[in-house]
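Some notes on the structure that comes next.
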Amino acid sequence: MNTQISKFLVRGLVSLMFLFVFSSHIRADNGNEMIVNGHHVRLAFKDTVRVGENEFNLQLTDAHSQPVIIDTHLEVGIAPDSNAEKKAKQTTQSAQSIEVVLTPIGTAGEYAGIVPLGASGHWILTVHFSVQGELYEVNFPVQVI
């Protein structure tokens with residue numbers, strides 16, 4: 001019986017440690033998650049997205065919450081949402097995409113970046129990544145105030 005209680009306590013402590021480690025790397029109020037071919041891509045900005053520099057974390061995991069190991073390609077870019085721009089008839093935002101540099105953090109599959117935004121409005125943050133030779137793309141809508 002003591003063995004069962006010990007196993008239960010160890011599993012509980014391991015679960016809590018995992019939760020603590022995970023939450024310290026992706027802790028933001030405005031997070032998004034997209035799933036592409038079983039790969040979970042989580043985007044979390046540290047604060048409300050505003051004009052200027054915005055810090056964010058990106059996490060890639062598989063269907064079993066295991067880190068996704070990127071083969072050769074991981075790229076993030078952001079550009080104004082052309083559909084929203086057409087609806088609002090705004091021409092002040094450049095349609096040029098901004099490339100974002102990512103830095104690995106924590107465990108495999110976790111990255112941090114800073115995205116500079118020059119105007120408010122609707123933007124699309126695009127993540128390109130490759131796993132086992134397959135190239136994937138995920139688009140996150142971002143509202144900048």
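Every chain in the structure tokens has a letter given in the order shown (A, B, ...), and although residue numbers restart at 1 in each chain, ligands are simply numbered from 1 in the order shown.
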Using only C-alpha atoms, what does the table of stretch 36-113 of chain A residues within 9 Å of stretch 128-141 of chain A look like, with each row giving the shortest atom pair and its distance in Å to one decimal, sorted by chain and ascending number, as a tab-separated table?
residue	atom	partner	partner_atom	distance
A:Val36	CA	A:Val138	CA	7.3
A:Asn37	CA	A:Tyr136	CA	8.4
A:Val41	CA	A:Val138	CA	7.8
A:Leu43	CA	A:Phe140	CA	8.0
A:Val68	CA	A:Val131	CA	7.5
A:Ile69	CA	A:Val131	CA	6.8
A:Ile70	CA	A:Val131	CA	5.4
A:Asp71	CA	A:Val131	CA	5.3
A:Thr72	CA	A:Ser130	CA	6.4
A:His73	CA	A:Phe129	CA	5.1
A:Leu74	CA	A:Phe129	CA	4.4
A:Glu75	CA	A:His128	CA	5.1
A:Val76	CA	A:His128	CA	6.4
A:Gly77	CA	A:His128	CA	8.6
A:Asp81	CA	A:Pro141	CA	7.9
I need the residues from that last selection saved to file as a PDB file, in the first residue's frame (with N, CA and C atoms), if you can.
ATOM      1  N   VAL A  36      -2.151  21.370 -37.446  1.00  0.00           N
ATOM      2  CA  VAL A  36      -1.954  21.042 -38.850  1.00  0.00           C
ATOM      3  C   VAL A  36      -1.331  19.653 -38.918  1.00  0.00           C
ATOM      4  N   ASN A  37      -2.025  18.745 -39.537  1.00  0.00           N
ATOM      5  CA  ASN A  37      -1.572  17.368 -39.717  1.00  0.00           C
ATOM      6  C   ASN A  37      -1.099  16.743 -38.400  1.00  0.00           C
ATOM      7  N   VAL A  41       0.519  23.915 -32.936  1.00  0.00           N
ATOM      8  CA  VAL A  41       1.350  25.112 -32.965  1.00  0.00           C
ATOM      9  C   VAL A  41       0.668  26.130 -32.070  1.00  0.00           C
ATOM     10  N   LEU A  43       0.806  29.841 -30.215  1.00  0.00           N
ATOM     11  CA  LEU A  43       1.358  31.190 -30.255  1.00  0.00           C
ATOM     12  C   LEU A  43       0.839  31.943 -29.050  1.00  0.00           C
ATOM     13  N   VAL A  68       7.927  18.787 -31.069  1.00  0.00           N
ATOM     14  CA  VAL A  68       8.175  18.490 -32.475  1.00  0.00           C
ATOM     15  C   VAL A  68       9.590  18.946 -32.804  1.00  0.00           C
ATOM     16  N   ILE A  69      10.365  18.047 -33.358  1.00  0.00           N
ATOM     17  CA  ILE A  69      11.726  18.376 -33.771  1.00  0.00           C
ATOM     18  C   ILE A  69      11.672  18.869 -35.213  1.00  0.00           C
ATOM     19  N   ILE A  70      12.107  20.100 -35.424  1.00  0.00           N
ATOM     20  CA  ILE A  70      12.093  20.714 -36.744  1.00  0.00           C
ATOM     21  C   ILE A  70      13.258  20.148 -37.555  1.00  0.00           C
ATOM     22  N   ASP A  71      12.961  19.686 -38.784  1.00  0.00           N
ATOM     23  CA  ASP A  71      14.003  19.136 -39.650  1.00  0.00           C
ATOM     24  C   ASP A  71      15.012  20.210 -40.036  1.00  0.00           C
ATOM     25  N   THR A  72      14.590  21.091 -40.896  1.00  0.00           N
ATOM     26  CA  THR A  72      15.517  22.070 -41.447  1.00  0.00           C
ATOM     27  C   THR A  72      14.919  23.458 -41.548  1.00  0.00           C
ATOM     28  N   HIS A  73      13.621  23.578 -41.377  1.00  0.00           N
ATOM     29  CA  HIS A  73      12.974  24.830 -41.735  1.00  0.00           C
ATOM     30  C   HIS A  73      12.012  25.287 -40.640  1.00  0.00           C
ATOM     31  N   LEU A  74      12.248  26.475 -40.109  1.00  0.00           N
ATOM     32  CA  LEU A  74      11.310  27.131 -39.208  1.00  0.00           C
ATOM     33  C   LEU A  74      11.411  28.616 -39.503  1.00  0.00           C
ATOM     34  N   GLU A  75      10.301  29.193 -39.916  1.00  0.00           N
ATOM     35  CA  GLU A  75      10.300  30.594 -40.335  1.00  0.00           C
ATOM     36  C   GLU A  75       8.992  31.234 -39.896  1.00  0.00           C
ATOM     37  N   VAL A  76       9.093  32.445 -39.382  1.00  0.00           N
ATOM     38  CA  VAL A  76       7.908  33.198 -38.979  1.00  0.00           C
ATOM     39  C   VAL A  76       7.943  34.544 -39.680  1.00  0.00           C
ATOM     40  N   GLY A  77       6.802  34.945 -40.209  1.00  0.00           N
ATOM     41  CA  GLY A  77       6.663  36.259 -40.826  1.00  0.00           C
ATOM     42  C   GLY A  77       5.312  36.841 -40.474  1.00  0.00           C
ATOM     43  N   ASP A  81      -3.217  41.907 -42.875  1.00  0.00           N
ATOM     44  CA  ASP A  81      -4.243  41.046 -43.457  1.00  0.00           C
ATOM     45  C   ASP A  81      -4.838  41.784 -44.656  1.00  0.00           C
TER      46      ASP A  81
END
With a distance cut-off of 12 Å and only C-alpha atoms, select the neighbouring residues of A:Arg42, excluding the residue or stretch itself and same-chain residues fewer than 2 positions from it, and output the selection as a ChimeraX atom specification. /A:22,25-28,30-36,39-40,44-45,56-62,65,67-68,109-112,125,127,138-140
Compare A:Ile78, A:Ile145, A:Val51, A:Ile114 by their minimum atom-to-atom distance to A:Ile98, counting only C-alpha atoms, and give me the closest one.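 The closest residue to A:Ile98 is A:Ile78.
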What does the distance between atom CA of A:Asp47 and atom CA of A:Ala108 come to in Å, to one decimal place?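 Between atom CA of A:Asp47 and atom CA of A:Ala108 the gap is 23.6 Å.
With distances restricted to only C-alpha atoms, A:Glu55 is the closest residue to A:Leu102 from A:Glu55, A:Gln143, A:Ser82, A:Thr48.
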I'd like the neighbourhood of A:Leu117 as a PyMOL selection string, where a residue qualifies if any of its atoms comes within 12 Å (using only C-alpha atoms), though same-chain residues fewer than 4 positions away should be ignored. chain A and resi 49-55+77-80+93-94+96-100+121-125+142-145
